[in-house]
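Enquirer: I have a structure I would like to understand better, so I am pasting it below and will then ask my questions one at a time.
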Amino acid sequence: MEKIAERDFSFCLTCQTCTNGCPCVSLMDYLPHQLMRLLQWEKFEEALNSKAIWVCVGCNACTQACPMGIEIPEIFDILRQEAIKAGLVAEKGIYEFHRQMLLSLKRHGRVNEFELTLAYKLKERRFFEDVRLGLKMFAKAKIKLKPVRLKGRKQIRAFFEKCPL
Amino acid sequence: MSSVATFAYYPGCSLEGLAAEAEEAFLKIAAYWEIELVEIPDWNCCGSSSAHSLCGELARNLTWRVLASLPDNVSQVLTLCPSCFDRLRVGLFEARKSPEDFSNLFDQKPNPSWDIRHFVKVLADFPWKKIKGKPLSGLRIAPYYGCLLYGPAKLPPPMEDGLMEKMLTALGAEVIPWRYVKQCCGTYLSVAKPDFVSGIVRRMMMEAQRIQVDCLVTHCVMCQMNLEMRAPAQIDLPVFHLSELLALGLGQARINWFKKHLLDPLPLLLKKGLL
């Protein structure tokens with residue numbers, strides 16, 4: 001939690017400009033400016049336990065609008081990583097997507113989107129979701145079945161030692 | 001039209017599978033303008049949104065490996081994907097900030113001449129106005145940039161606004177300004193939260209229909225994919241890759257690219273006499 005505690009959140013005016021421009025608010029529990037307020041109050045555990053930090057896709061609309069230029073997506077990156085360490089992942093589905101994406105990367109060195117999506121839907125037991133879409137994409141030859149295997153796979157795997165999935 | 005520059009080419013994972021047609025089209029344009037591309041040997045995934053979401057050090061190392069794999073005599077990386085562009089720019093910024101860490105991992109120093117370029121900016125510098133005959137005339141287009149091209153805010157903006165518009169207008173297209181030009185498409189939430197992304201895409205498609213454009217065009221393959229996959233069934237508005245329309249304007253398009261679209265653009269192209 002030190003990484004969060006050492007940052008200065010007093011720059012935030014809680015003016016709500018970030019929230020007004022955020023495309024993802026409909027999926028959030030705390031809104032972006034409310035999360036900034038939680039951090040100012042040092043309610044770190046509540047912040048780590050929020051869905052909002054997982055819902056944010058990092059589109060930077062908030063930062064571009066913020067009168068103080070605060071990079072909220074970067075703060076959320078730190079909060080997510082701390083939430084994993086603390087075992088407080090409030091949006092398991094989105095976390096699982098990132099996990100499957102990185103597992104695909106770890107296996108091949110590159111990401112095969114088809115393999116990733118299939119692994120995700122199976123793991124989440126969402127067997128019938130997007131099946132018709134998948135078949136249509138297959139028919140349009142958008143799906144590449146054979147993943148690439150890089151020569152540098154070993155070096156890439158070593159990067160994951162500090163990132164248990 | 002002499003060869004202007006040689007680039008270390010980084011296509012990105014999405015271009016290999018989901019959007020092979022966007023890459024093929026880009027390679028046609030590069031050949032036309034005599035842009036020389038040397039693919040980065042054994043390039044790996046940049047980590048995209050997931051690596052920096054779960055593990056900062058992993059994200060950093062993945063982008064650093066790409067930089068460390070650059071061929072000796074080529075210092076400018078050319079990317080097609082705005083997410084790769086964003087991640088590699090952050091990676092380069094961090095390499096310059098902590099050169100010792102970079103050297104410890106990869107046994108070389110970050111090269112001061114390294115630079116990350118995006119194909120929109122690179123292509124916009126070519127003289128599109130010299131293309132004769134206004135080949136895209138009659139096409140009413142809403143340009144769509146998505147969210148990632150101009151970030152992150154801590155780095156200087158990598159390009160000015162309006163570059164897609166400039167190229168398409170030079171080729172004779174009518175480019176219509178609209179409110180969703182830089183709206184985020186919902187990106188990877190399309191997998192975990194498909195209904196949410198369908199909502200975003202529905203609003204955009206309804207607006208595009210209201211302003212009566214013939215099609216949308218985007219440089220981003222993730223946006224293109226989301227717009228096609230999550231479009232409401234009642235709207236049949238083609239979504240082109242920027243590279244496809246530019247190649248079309250240069251007389252270099254292949255019909256097979258358009259057959260891979262989920263929202264069929266062939267009726268529009270035939271109606272407008274563009275194919």
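Every chain in the structure tokens takes a letter, A first, then B, and so on in the order presented; its residues are numbered from 1, and the ligands are numbered from 1 following the presented order.
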Excluding same-chain residues fewer than 6 positions from region 167-181 of chain B, what lies within 10 Å of it counting only C-alpha atoms, as a VMD selection string?
Expert: chain B and resid 120 123 to 147 203 to 205 207 to 208 211 to 214 216 to 218 242 245 to 246 248 to 250
Enquirer: Can you write just those residues out, N, CA and C atoms, as a compact mmCIF listing (two decimals), in the first residue's frame?
Expert:
```txt
# COMPACT_ATOMS: atom_id res chain seq x y z
N VAL B 120 -0.49 6.81 -39.21
CA VAL B 120 -1.32 7.95 -39.64
C VAL B 120 -0.44 9.18 -39.85
N LEU B 123 2.06 8.62 -42.87
CA LEU B 123 1.42 8.71 -44.19
C LEU B 123 0.96 10.14 -44.50
N ALA B 124 0.52 10.86 -43.44
CA ALA B 124 -0.02 12.20 -43.68
C ALA B 124 1.02 13.14 -44.27
N ASP B 125 2.30 12.81 -44.12
CA ASP B 125 3.35 13.68 -44.67
C ASP B 125 3.56 13.50 -46.18
N PHE B 126 2.88 12.53 -46.77
CA PHE B 126 3.06 12.34 -48.22
C PHE B 126 2.09 13.24 -49.00
N PRO B 127 2.43 13.57 -50.25
CA PRO B 127 1.64 14.54 -51.02
C PRO B 127 0.37 13.95 -51.61
N TRP B 128 -0.62 13.70 -50.78
CA TRP B 128 -1.87 13.08 -51.24
C TRP B 128 -2.61 13.97 -52.24
N LYS B 129 -2.38 15.29 -52.12
CA LYS B 129 -3.07 16.21 -53.03
C LYS B 129 -2.65 16.01 -54.48
N LYS B 130 -1.49 15.40 -54.66
CA LYS B 130 -1.02 15.21 -56.04
C LYS B 130 -1.70 14.04 -56.74
N ILE B 131 -2.45 13.24 -55.97
CA ILE B 131 -3.17 12.12 -56.60
C ILE B 131 -4.29 12.71 -57.47
N LYS B 132 -4.28 12.35 -58.72
CA LYS B 132 -5.22 12.99 -59.66
C LYS B 132 -6.58 12.30 -59.68
N GLY B 133 -7.60 13.06 -60.01
CA GLY B 133 -8.89 12.49 -60.35
C GLY B 133 -9.87 12.33 -59.20
N LYS B 134 -9.50 12.81 -57.98
CA LYS B 134 -10.42 12.70 -56.82
C LYS B 134 -11.08 11.32 -56.73
N PRO B 135 -10.28 10.28 -56.59
CA PRO B 135 -10.81 8.91 -56.68
C PRO B 135 -11.89 8.55 -55.65
N LEU B 136 -11.94 9.24 -54.50
CA LEU B 136 -12.96 8.87 -53.49
C LEU B 136 -14.16 9.81 -53.53
N SER B 137 -14.31 10.58 -54.60
CA SER B 137 -15.41 11.56 -54.60
C SER B 137 -16.75 10.84 -54.61
N GLY B 138 -17.70 11.48 -53.92
CA GLY B 138 -19.02 10.87 -53.79
C GLY B 138 -19.19 10.09 -52.51
N LEU B 139 -18.10 9.90 -51.77
CA LEU B 139 -18.18 9.13 -50.52
C LEU B 139 -18.25 10.08 -49.33
N ARG B 140 -19.35 9.97 -48.55
CA ARG B 140 -19.53 10.78 -47.34
C ARG B 140 -19.07 9.97 -46.13
N ILE B 141 -18.02 10.45 -45.48
CA ILE B 141 -17.38 9.64 -44.44
C ILE B 141 -17.36 10.35 -43.09
N ALA B 142 -17.65 9.61 -42.02
CA ALA B 142 -17.39 10.11 -40.67
C ALA B 142 -16.08 9.49 -40.19
N PRO B 143 -15.08 10.33 -39.89
CA PRO B 143 -13.80 9.79 -39.41
C PRO B 143 -13.91 9.40 -37.95
N TYR B 144 -13.25 8.33 -37.56
CA TYR B 144 -13.31 7.88 -36.17
C TYR B 144 -11.89 7.55 -35.69
N TYR B 145 -11.44 8.28 -34.68
CA TYR B 145 -10.07 8.11 -34.18
C TYR B 145 -9.99 7.17 -32.98
N GLY B 146 -11.10 7.06 -32.21
CA GLY B 146 -10.99 6.34 -30.96
C GLY B 146 -10.16 7.16 -29.97
N CYS B 147 -9.70 6.50 -28.90
CA CYS B 147 -9.18 7.28 -27.78
C CYS B 147 -7.67 7.27 -27.63
N ARG B 203 -25.05 3.89 -29.83
CA ARG B 203 -25.14 5.36 -29.84
C ARG B 203 -24.35 5.95 -31.01
N MET B 204 -23.16 5.42 -31.25
CA MET B 204 -22.33 5.96 -32.33
C MET B 204 -22.96 5.69 -33.70
N MET B 205 -23.44 4.46 -33.88
CA MET B 205 -24.00 4.10 -35.18
C MET B 205 -25.29 4.88 -35.48
N GLU B 207 -25.98 7.85 -34.42
CA GLU B 207 -25.57 9.21 -34.76
C GLU B 207 -25.03 9.26 -36.20
N ALA B 208 -24.24 8.25 -36.56
CA ALA B 208 -23.68 8.21 -37.92
C ALA B 208 -24.81 8.13 -38.94
N ILE B 211 -26.56 11.62 -39.24
CA ILE B 211 -25.86 12.63 -40.05
C ILE B 211 -25.67 12.15 -41.50
N GLN B 212 -26.24 11.01 -41.79
CA GLN B 212 -26.33 10.51 -43.18
C GLN B 212 -24.97 10.35 -43.86
N VAL B 213 -24.05 9.71 -43.15
CA VAL B 213 -22.80 9.36 -43.83
C VAL B 213 -22.96 8.00 -44.50
N ASP B 214 -22.10 7.74 -45.49
CA ASP B 214 -22.14 6.44 -46.17
C ASP B 214 -21.40 5.37 -45.37
N LEU B 216 -18.14 4.72 -41.96
CA LEU B 216 -17.17 5.23 -40.99
C LEU B 216 -15.79 4.76 -41.43
N VAL B 217 -14.77 5.50 -41.00
CA VAL B 217 -13.40 5.04 -41.26
C VAL B 217 -12.58 5.25 -40.00
N THR B 218 -11.76 4.25 -39.67
CA THR B 218 -10.90 4.36 -38.49
C THR B 218 -9.53 3.76 -38.80
N LEU B 242 -8.74 2.70 -42.28
CA LEU B 242 -8.19 3.84 -43.01
C LEU B 242 -7.33 3.36 -44.18
N LEU B 245 -9.24 2.49 -47.40
CA LEU B 245 -9.73 3.61 -48.22
C LEU B 245 -8.58 4.35 -48.91
N LEU B 246 -7.45 4.49 -48.20
CA LEU B 246 -6.30 5.15 -48.83
C LEU B 246 -5.80 4.31 -50.01
N LEU B 248 -7.56 2.28 -51.73
CA LEU B 248 -8.59 2.40 -52.77
C LEU B 248 -8.34 3.68 -53.59
N GLY B 249 -8.04 4.75 -52.88
CA GLY B 249 -7.76 6.02 -53.55
C GLY B 249 -6.53 5.97 -54.44
N LEU B 250 -5.60 5.10 -54.07
CA LEU B 250 -4.37 4.97 -54.87
C LEU B 250 -4.52 3.93 -55.98
```
Enquirer: Taking only C-alpha atoms into account, what are the residues of chain B at most 6 Å from chain A, put as a VMD selection string?
Expert: chain B and resid 13 17 to 18 42 44 to 45 50 53 to 54 58 147 192 260
Enquirer: Can you list, as a ChimeraX atom specification, every residue of region 2-92 of chain A that DSSP puts in alpha helix (DSSP H)?
Expert: /A:2-5,17-21,32-40,44-48,52-55,61-65,72-85,92
Enquirer: Please list as a list of chain:residue names every residue within 12 Å of Glu36 (chain B), counting only C-alpha atoms and excluding residues in the same chain fewer than 4 positions away.
Expert: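 Selected residues are B:Ser2, B:Ser3, B:Val4, B:Ala5, B:Thr6, B:Phe7, B:Ala8, B:Tyr9, B:Leu27, B:Lys28, B:Ile29, B:Ala30, B:Ala31, B:Tyr32, B:Val74, B:Gln76, B:Val77, B:Leu78.
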Enquirer: Please identify all polymer residues within 7 Å of Ser50 (chain A), counting only C-alpha atoms, omitting same-chain residues fewer than 5 positions from it, and present them as a PyMOL selection string.
Expert: chain A and resi 29-30+90
Enquirer: Neighbouring residues of Glu94 (chain B) were defined as those with any atom within 12 Å, considering only C-alpha atoms; residues of the same chain fewer than 6 positions away were excluded. Please report them as JSON, numbers by chain.
Expert: {"B": [56, 57, 59, 60, 61, 63, 64, 67, 87, 88, 100, 101, 102, 110, 154, 155]}
Enquirer: Between CA of Ala153 (chain B) and CA of Ser48 (chain B), what is the distance in Å, rounded to a tenth?
Expert: 17.2 Å
Enquirer: Using only C-alpha atoms, determine which residues lie at most 12 Å from His261 (chain B), disregarding the query and same-chain residues fewer than 6 positions distant; provide the list as number ranges by chain.
Expert: A: 136-142; B: 18-22, 221, 224-229, 236-241, 244, 255
Enquirer: I'd like to know which residues of region 15-131 of chain B are strand (DSSP E or B) (by DSSP, run on the backbone); could you write them as JSON, numbers by chain?
Expert: {"B": [36, 37, 38, 39, 76, 77, 78, 79, 115, 116, 117, 118]}
Enquirer: So how many Å separate CA of Ser98 (chain B) and CA of Asp86 (chain B), to one decimal?
Expert: 18.5 Å
Enquirer: Residues within 12 Å of Pro157 (chain B), please, as a PyMOL selection string. Count only C-alpha atoms; anything in the same chain fewer than 3 positions from it doesn't count.
Expert: (chain A and resi 64) or (chain B and resi 86+89+117+121+148-154+160-161)
